[in-house]
$ cat data31.cif   # mmCIF, C-alpha atoms
data_final
loop_
_atom_site.label_atom_id
_atom_site.label_comp_id
_atom_site.auth_asym_id
_atom_site.auth_seq_id
_atom_site.Cartn_x
_atom_site.Cartn_y
_atom_site.Cartn_z
CA MET A 1 -19.51 12.91 13.90
CA LYS A 2 -17.10 10.32 12.57
CA ILE A 3 -13.95 9.88 14.66
CA LEU A 4 -11.55 10.78 11.83
CA GLU A 5 -13.63 13.57 10.34
CA ASN A 6 -11.47 16.18 8.55
CA LYS A 7 -8.31 14.11 9.04
CA VAL A 8 -5.80 13.14 6.34
CA ALA A 9 -4.16 9.73 6.58
CA ILE A 10 -1.40 7.84 4.80
CA VAL A 11 -1.45 4.04 4.76
CA THR A 12 1.49 2.16 3.25
CA GLY A 13 1.05 -1.36 1.92
CA ALA A 14 -2.61 -0.44 1.52
CA GLY A 15 -3.21 -2.57 -1.55
CA MET A 16 -4.06 -5.71 0.42
CA GLY A 17 -4.40 -7.34 3.80
CA ILE A 18 -4.13 -5.23 6.94
CA GLY A 19 -3.26 -2.10 4.95
CA ARG A 20 -6.37 -2.42 2.78
CA ALA A 21 -8.60 -3.05 5.80
CA THR A 22 -7.10 -0.01 7.55
CA ALA A 23 -7.53 2.27 4.54
CA LEU A 24 -11.18 1.24 4.16
CA LEU A 25 -11.87 1.73 7.86
CA TYR A 26 -10.12 5.11 7.98
CA ALA A 27 -12.21 6.27 5.02
CA SER A 28 -15.45 5.02 6.56
CA GLU A 29 -14.63 7.06 9.67
CA GLY A 30 -14.23 10.28 7.72
CA ALA A 31 -10.54 10.44 6.79
CA LYS A 32 -9.19 11.42 3.40
CA VAL A 33 -6.91 8.48 2.67
CA VAL A 34 -3.67 8.34 0.71
CA VAL A 35 -3.24 4.75 -0.40
CA GLY A 36 0.47 3.99 -0.72
CA ASP A 37 1.66 0.77 -2.33
CA ILE A 38 4.27 -0.53 -4.74
CA ASP A 39 1.53 -2.45 -6.60
CA GLU A 40 -0.31 0.09 -8.73
CA LYS A 41 -3.20 -2.20 -9.66
CA ALA A 42 -3.89 -3.27 -6.08
CA GLY A 43 -3.58 0.30 -4.78
CA ASN A 44 -5.87 1.76 -7.41
CA ASN A 45 -8.41 -0.98 -6.73
CA VAL A 46 -8.55 0.05 -3.08
CA VAL A 47 -8.98 3.71 -4.05
CA ALA A 48 -11.81 2.74 -6.41
CA GLU A 49 -13.46 0.75 -3.62
CA ILE A 50 -13.22 3.70 -1.22
CA ILE A 51 -14.65 6.13 -3.78
CA GLN A 52 -17.43 3.68 -4.68
CA ARG A 53 -18.46 3.73 -1.03
CA GLY A 54 -18.74 7.50 -1.15
CA PHE A 55 -15.48 8.40 0.54
CA GLU A 56 -12.29 10.15 -0.57
CA ALA A 57 -8.88 8.69 -1.46
CA ILE A 58 -5.95 8.94 -3.84
CA PHE A 59 -3.23 6.46 -4.81
CA VAL A 60 0.50 7.15 -4.72
CA LYS A 61 2.94 4.49 -5.85
CA VAL A 62 5.75 4.07 -3.34
CA ASN A 63 8.66 1.77 -2.69
CA ILE A 64 9.00 2.33 1.05
CA ALA A 65 12.65 1.23 1.01
CA ASN A 66 13.45 4.32 -1.07
CA ALA A 67 13.72 7.51 1.00
CA SER A 68 13.03 9.78 -1.99
CA GLU A 69 9.80 7.93 -2.76
CA GLN A 70 8.71 8.22 0.87
CA GLU A 71 9.36 11.95 0.69
CA LEU A 72 7.32 12.14 -2.52
CA LEU A 73 4.46 10.25 -0.87
CA VAL A 74 4.20 12.96 1.77
CA LYS A 75 4.61 15.75 -0.79
CA GLU A 76 1.76 14.32 -2.86
CA THR A 77 -0.37 14.09 0.27
CA LEU A 78 0.23 17.77 1.05
CA LYS A 79 -0.31 18.72 -2.58
CA HIS A 80 -3.75 17.07 -2.69
CA TYR A 81 -5.00 17.63 0.86
CA GLY A 82 -2.80 20.35 2.38
CA CYS A 83 -2.05 18.57 5.65
CA LEU A 84 -1.28 15.24 7.32
CA HIS A 85 -2.62 13.96 10.63
CA ILE A 86 -2.31 10.17 10.57
CA ALA A 87 0.11 7.60 9.18
CA CYS A 88 0.00 3.83 9.33
CA ASN A 89 3.39 2.41 8.34
CA ASN A 90 2.18 -1.05 7.47
CA ALA A 91 4.08 -2.16 4.36
CA ALA A 92 6.50 -5.04 4.91
CA ILE A 93 7.61 -8.33 3.44
CA SER A 94 7.80 -11.82 4.87
CA ALA A 95 11.31 -13.14 5.34
CA PRO A 96 12.46 -16.61 4.30
CA SER A 97 13.79 -19.00 6.94
CA PHE A 98 17.49 -19.82 7.18
CA PRO A 99 19.90 -20.53 10.03
CA LEU A 100 22.00 -17.44 10.70
CA ILE A 101 25.23 -18.67 9.12
CA GLU A 102 23.34 -19.66 5.96
CA TYR A 103 21.30 -16.47 5.70
CA PRO A 104 21.78 -14.94 2.22
CA LEU A 105 23.31 -11.49 2.59
CA ASP A 106 21.18 -9.97 -0.16
CA VAL A 107 18.01 -11.26 1.50
CA TRP A 108 19.12 -9.87 4.87
CA ASP A 109 19.72 -6.45 3.30
CA ARG A 110 16.37 -6.49 1.50
CA VAL A 111 14.37 -7.44 4.61
CA LEU A 112 16.05 -4.70 6.67
CA SER A 113 15.59 -2.09 3.95
CA ILE A 114 11.85 -2.69 3.73
CA ASN A 115 10.80 -3.80 7.21
CA LEU A 116 12.97 -1.38 9.20
CA SER A 117 14.34 1.40 7.03
CA GLY A 118 10.92 1.67 5.38
CA VAL A 119 9.37 2.60 8.74
CA PHE A 120 12.20 5.02 9.55
CA TYR A 121 11.91 6.77 6.16
CA GLY A 122 8.16 7.01 6.55
CA MET A 123 8.34 8.76 9.90
CA ARG A 124 11.29 10.89 8.75
CA TYR A 125 9.01 12.66 6.26
CA GLN A 126 5.63 12.24 7.92
CA ILE A 127 6.56 13.98 11.17
CA PRO A 128 7.48 17.39 9.69
CA ALA A 129 4.16 17.41 7.83
CA MET A 130 2.31 16.48 11.03
CA LEU A 131 4.08 19.19 13.01
CA ALA A 132 2.98 21.73 10.40
CA SER A 133 -0.57 20.34 10.67
CA GLY A 134 -0.74 20.76 14.45
CA GLY A 135 0.14 17.21 15.46
CA GLY A 136 -0.87 13.69 14.64
CA SER A 137 -0.72 9.98 15.28
CA ILE A 138 1.58 7.37 13.77
CA VAL A 139 0.89 3.65 14.01
CA ASN A 140 3.72 1.34 12.98
CA ILE A 141 3.09 -2.32 12.28
CA SER A 142 5.45 -4.85 13.82
CA ALA A 143 4.45 -8.44 14.69
CA MET A 144 4.27 -10.84 17.61
CA LEU A 145 7.90 -11.56 16.73
CA GLY A 146 8.60 -8.00 17.76
CA GLN A 147 8.35 -9.33 21.33
CA VAL A 148 9.56 -12.91 21.12
CA ALA A 149 11.86 -14.90 18.86
CA LYS A 150 11.73 -17.88 16.54
CA LYS A 151 14.63 -19.93 15.24
CA ASN A 152 15.68 -19.56 11.60
CA ALA A 153 13.95 -16.18 11.43
CA SER A 154 16.77 -13.79 12.33
CA ALA A 155 15.94 -11.09 9.78
CA HIS A 156 12.23 -11.06 10.58
CA VAL A 157 12.75 -11.11 14.34
CA ALA A 158 15.46 -8.44 14.17
CA THR A 159 13.39 -6.02 12.08
CA LYS A 160 10.19 -6.51 14.04
CA HIS A 161 11.97 -5.97 17.36
CA ALA A 162 13.69 -2.92 15.89
CA VAL A 163 10.40 -1.37 14.80
CA VAL A 164 9.18 -1.59 18.40
CA GLY A 165 12.32 0.12 19.70
CA LEU A 166 12.24 2.73 16.98
CA THR A 167 8.61 3.49 17.78
CA LYS A 168 9.35 4.02 21.47
CA ALA A 169 12.32 6.28 20.77
CA VAL A 170 10.39 8.49 18.36
CA ALA A 171 7.39 8.61 20.70
CA LEU A 172 9.61 10.10 23.40
CA GLU A 173 11.15 12.61 21.02
CA TYR A 174 7.79 14.05 19.96
CA ALA A 175 5.61 13.46 23.04
CA GLU A 176 5.64 17.17 23.90
CA ARG A 177 4.88 18.22 20.32
CA ASN A 178 1.46 16.59 19.98
CA ILE A 179 2.60 13.59 17.96
CA ARG A 180 1.82 10.13 19.28
CA VAL A 181 3.62 7.04 17.99
CA ASN A 182 2.52 3.50 18.77
CA VAL A 183 3.13 0.03 17.40
CA VAL A 184 0.81 -2.90 16.71
CA GLY A 185 1.96 -6.52 16.66
CA PRO A 186 -0.33 -8.93 14.81
CA SER A 187 0.10 -12.68 15.02
CA TYR A 188 -1.11 -14.96 12.22
CA ILE A 189 -3.68 -12.95 10.27
CA LYS A 190 -5.61 -14.19 7.25
CA THR A 191 -4.06 -12.03 4.55
CA PRO A 192 -2.87 -12.74 0.99
CA MET A 193 0.72 -12.81 2.28
CA LEU A 194 -0.16 -15.68 4.60
CA THR A 195 -2.33 -17.64 2.17
CA ILE A 196 0.41 -17.50 -0.45
CA ALA A 197 2.97 -18.87 2.01
CA PHE A 198 0.83 -21.70 3.46
CA ASP A 199 -1.54 -24.28 2.02
CA GLU A 200 -4.75 -25.29 3.80
CA ALA A 201 -2.96 -27.80 6.01
CA GLY A 202 -0.35 -25.20 6.89
CA MET A 203 -3.01 -22.67 7.82
CA LYS A 204 -4.64 -25.24 10.11
CA ALA A 205 -1.28 -25.86 11.75
CA LEU A 206 -0.88 -22.14 12.43
CA GLU A 207 -4.25 -22.10 14.19
CA SER A 208 -2.90 -24.60 16.71
CA PHE A 209 -0.37 -22.01 17.94
CA ILE A 210 -3.10 -19.49 18.82
CA PRO A 211 -4.91 -19.91 22.17
CA MET A 212 -8.15 -18.64 20.62
CA GLY A 213 -7.90 -21.49 18.10
CA ARG A 214 -8.22 -19.41 14.95
CA LEU A 215 -6.38 -16.98 12.74
CA GLY A 216 -7.08 -13.27 13.03
CA GLU A 217 -8.89 -11.15 10.47
CA ALA A 218 -7.33 -8.06 8.90
CA SER A 219 -10.40 -6.08 9.99
CA GLU A 220 -9.69 -6.96 13.64
CA VAL A 221 -6.21 -5.48 13.38
CA ALA A 222 -7.59 -2.41 11.59
CA GLU A 223 -9.96 -1.69 14.49
CA LEU A 224 -7.03 -1.36 16.90
CA ILE A 225 -5.11 0.77 14.40
CA LEU A 226 -8.15 3.03 14.10
CA TRP A 227 -8.35 3.50 17.87
CA LEU A 228 -4.66 4.36 18.11
CA SER A 229 -5.04 6.79 15.20
CA SER A 230 -7.94 8.65 16.76
CA SER A 231 -8.39 11.05 19.66
CA LYS A 232 -9.91 8.20 21.66
CA SER A 233 -6.34 7.14 22.47
CA SER A 234 -5.17 10.68 23.22
CA PHE A 235 -2.98 9.70 26.22
CA VAL A 236 -1.39 6.68 24.56
CA THR A 237 2.08 6.89 23.06
CA GLY A 238 5.19 4.72 22.90
CA SER A 239 3.18 1.55 23.46
CA TYR A 240 3.14 -1.91 21.88
CA TYR A 241 -0.25 -3.55 21.35
CA GLY A 242 -0.56 -7.20 20.39
CA VAL A 243 -3.40 -8.49 18.21
CA ASP A 244 -2.49 -12.13 18.56
CA GLY A 245 -5.36 -14.21 19.93
CA GLY A 246 -3.43 -14.75 23.16
CA TYR A 247 -0.15 -15.91 21.57
CA LEU A 248 2.11 -13.76 23.75
CA ALA A 249 0.26 -14.75 26.93
CA GLN A 250 1.60 -18.31 26.67
#
$ encode --input "data31.cif" --output "structure tokens"
Amino acid sequence: MKILENKVAIVTGAGMGIGRATALLYASEGAKVVVGDIDEKAGNNVVAEIIQRGFEAIFVKVNIANASEQELLVKETLKHYGCLHIACNNAAISAPSFPLIEYPLDVWDRVLSINLSGVFYGMRYQIPAMLASGGGSIVNISAMLGQVAKKNASAHVATKHAVVGLTKAVALEYAERNIRVNVVGPSYIKTPMLTIAFDEAGMKALESFIPMGRLGEASEVAELILWLSSSKSSFVTGSYYGVDGGYLAQ
């Protein structure tokens, strides 16, 4: 039996990168997957790929920084599948680098609205549906900068640290109600977001920061997310897990 058999899962930011890899892996392990993304074309492409492989999925367009759209994402999930057991709050944006006193206020607000409020809104509507479904597992995606800092990255560091704290607080609130909440912190992972931001020389430079000497693959992050989403991690909640090639061990 597949480890997510008869489960229903939401993945945000599922149109590419870690979200796409997670949606595909969830589906291959038996879950009915709700692909959430602001990019309709990318999201529908992932759904088509899942269906082509013989699995089940639907697409729901969502701007995670909008609470009403997050609520609608859960409502559509319940409308199609009748329950919710798993959520991976993965969608986020990269933040530009500025010293604090030069940081554009509109950029600060946008990064917080997506990278932090987006996770809060997701859980705000996912948890009632999970309680009605008998419990569930939530995996939030932070970053290695959810544990350490980097200069000129105040918005990114602040939101990624906050997601870790938020995860721990919510895990404690629902630990006795059969809902587990954990957080994953990837380092430099080969995703479209990274390849857009860095040229080949830049990517090579990033590798030098990783003790394993290479960038991570989205599929490697998805494997940890899968474990945390399944009953195999049934006594794990409120924890941070790095997928960073040894970065945080330095």
$ atom_distance --input "data31.cif" --atom1 "atom CA of Ser233 of chain A" --atom2 "atom CA of Lys2 of chain A"
15.0 Å
$ closest_atom_pairs --input "data31.cif" --of "segment 27-74 of chain A" --to "segment 113-125 of chain A" --cutoff "12 Å" --atoms "all atoms listed in the file" --output "tab-separated table"
residue	atom	partner	partner_atom	distance
A:Gly36	CA	A:Gly122	CA	11.0
A:Ile38	CA	A:Ile114	CA	11.6
A:Val62	CA	A:Gly118	CA	10.4
A:Asn63	CA	A:Gly118	CA	8.4
A:Ile64	CA	A:Gly118	CA	4.8
A:Ala65	CA	A:Gly118	CA	4.7
A:Asn66	CA	A:Gly118	CA	7.4
A:Ala67	CA	A:Tyr121	CA	5.5
A:Ser68	CA	A:Tyr121	CA	8.8
A:Glu69	CA	A:Tyr121	CA	9.2
A:Gln70	CA	A:Gly122	CA	5.8
A:Glu71	CA	A:Tyr125	CA	5.6
A:Leu72	CA	A:Tyr125	CA	9.0
A:Leu73	CA	A:Tyr125	CA	8.8
A:Val74	CA	A:Tyr125	CA	6.6
$ residues_around --input "data31.cif" --residues "segment 139-141 of chain A" --least-positions-apart "5" --cutoff "9 Å" --atoms "all atoms listed in the file" --output "list of chain:residue names"
A:Ile86, A:Ala87, A:Cys88, A:Asn89, A:Asn90, A:Ala91, A:Ala92, A:Val119, A:Lys160, A:Val163, A:Val164, A:Thr167, A:Arg180, A:Val181, A:Asn182, A:Val183, A:Val184, A:Gly185, A:Pro186, A:Ile225, A:Leu228, A:Ser229
$ closest_residue --input "data31.cif" --among "A:Ser239, A:Arg177, A:Ile127, A:Trp108" --to "Ala158 of chain A" --atoms "all atoms listed in the file"
A:Trp108
$ atom_distance --input "data31.cif" --atom1 "atom CA of Lys75 of chain A" --atom2 "atom CA of Val33 of chain A"
14.1 Å
$ resolve_selection --input "data31.cif" --expression "the PyMOL selection byres ((chain A and resi 48) around 12)" --output "list of chain:residue names"
A:Gly15, A:Arg20, A:Ala23, A:Leu24, A:Ala27, A:Val33, A:Val35, A:Lys41, A:Ala42, A:Gly43, A:Asn44, A:Asn45, A:Val46, A:Val47, A:Glu49, A:Ile50, A:Ile51, A:Gln52, A:Arg53, A:Gly54, A:Phe55, A:Glu56, A:Ala57, A:Ile58, A:Phe59
$ closest_residue --input "data31.cif" --among "A:Met130, A:Leu206, A:Ile3, A:Ile93" --to "Ser28 of chain A" --atoms "all atoms listed in the file"
A:Ile3
$ residues_around --input "data31.cif" --residues "Leu100 of chain A" --least-positions-apart "4" --cutoff "10 Å" --atoms "all atoms listed in the file" --output "PDB file with C-alpha atoms, in the coordinates of the input"
ATOM      1  CA  PRO A 104      21.780 -14.940   2.220  1.00  0.00           C
ATOM      2  CA  TRP A 108      19.120  -9.870   4.870  1.00  0.00           C
ATOM      3  CA  LYS A 151      14.630 -19.930  15.240  1.00  0.00           C
ATOM      4  CA  ASN A 152      15.680 -19.560  11.600  1.00  0.00           C
ATOM      5  CA  ALA A 153      13.950 -16.180  11.430  1.00  0.00           C
ATOM      6  CA  SER A 154      16.770 -13.790  12.330  1.00  0.00           C
ATOM      7  CA  ALA A 155      15.940 -11.090   9.780  1.00  0.00           C
TER       8      ALA A 155
END
$ atom_distance --input "data31.cif" --atom1 "atom CA of Val8 of chain A" --atom2 "atom CA of Ala132 of chain A"
12.9 Å
$ resolve_selection --input "data31.cif" --expression "the PyMOL selection byres ((chain A and resi 234) around 12)" --output "list in words"
Gly135, Gly136, Ser137, Ala175, Asn178, Ile179, Arg180, Val181, Asn182, Trp227, Leu228, Ser229, Ser230, Ser231, Lys232, Ser233, Phe235, Val236, Thr237 and Gly238 of chain A
$ closest_residue --input "data31.cif" --among "A:Thr159, A:Thr77, A:Ser97, A:Gln250" --to "Ile210 of chain A" --atoms "only C-alpha atoms"
A:Gln250
$ closest_residue --input "data31.cif" --among "A:Ile189, A:Asp109, A:Asn6, A:Gly13" --to "Asp39 of chain A" --atoms "all atoms listed in the file"
A:Gly13
$ residues_around --input "data31.cif" --residues "segment 214-217 of chain A" --least-positions-apart "4" --cutoff "8 Å" --atoms "only C-alpha atoms" --output "compact mmCIF listing (two decimals) with C-alpha atoms, keeping the file's coordinate frame"
# COMPACT_ATOMS: atom_id res chain seq x y z
CA SER A 187 0.10 -12.68 15.02
CA TYR A 188 -1.11 -14.96 12.22
CA ILE A 189 -3.68 -12.95 10.27
CA LYS A 190 -5.61 -14.19 7.25
CA THR A 191 -4.06 -12.03 4.55
CA LEU A 206 -0.88 -22.14 12.43
CA GLU A 207 -4.25 -22.10 14.19
CA SER A 208 -2.90 -24.60 16.71
CA ILE A 210 -3.10 -19.49 18.82
CA VAL A 221 -6.21 -5.48 13.38
CA VAL A 243 -3.40 -8.49 18.21
CA ASP A 244 -2.49 -12.13 18.56
CA GLY A 245 -5.36 -14.21 19.93
$ closest_residue --input "data31.cif" --among "A:Tyr247, A:Lys150, A:Val34, A:Leu224" --to "Phe209 of chain A" --atoms "only C-alpha atoms"
A:Tyr247
$ closest_residue --input "data31.cif" --among "A:Ser94, A:Gln147, A:Thr22, A:Ser142" --to "Ala218 of chain A" --atoms "all atoms listed in the file"
A:Thr22
$ axis_aligned_box --input "data31.cif" --around "segment 92-107 of chain A" --padding-each-side "6 Å" --output "lines of an AutoDock Vina configuration file"
center_x = 15.9
center_y = -12.8
center_z = 5.3
size_x = 30.7
size_y = 27.5
size_z = 22.9
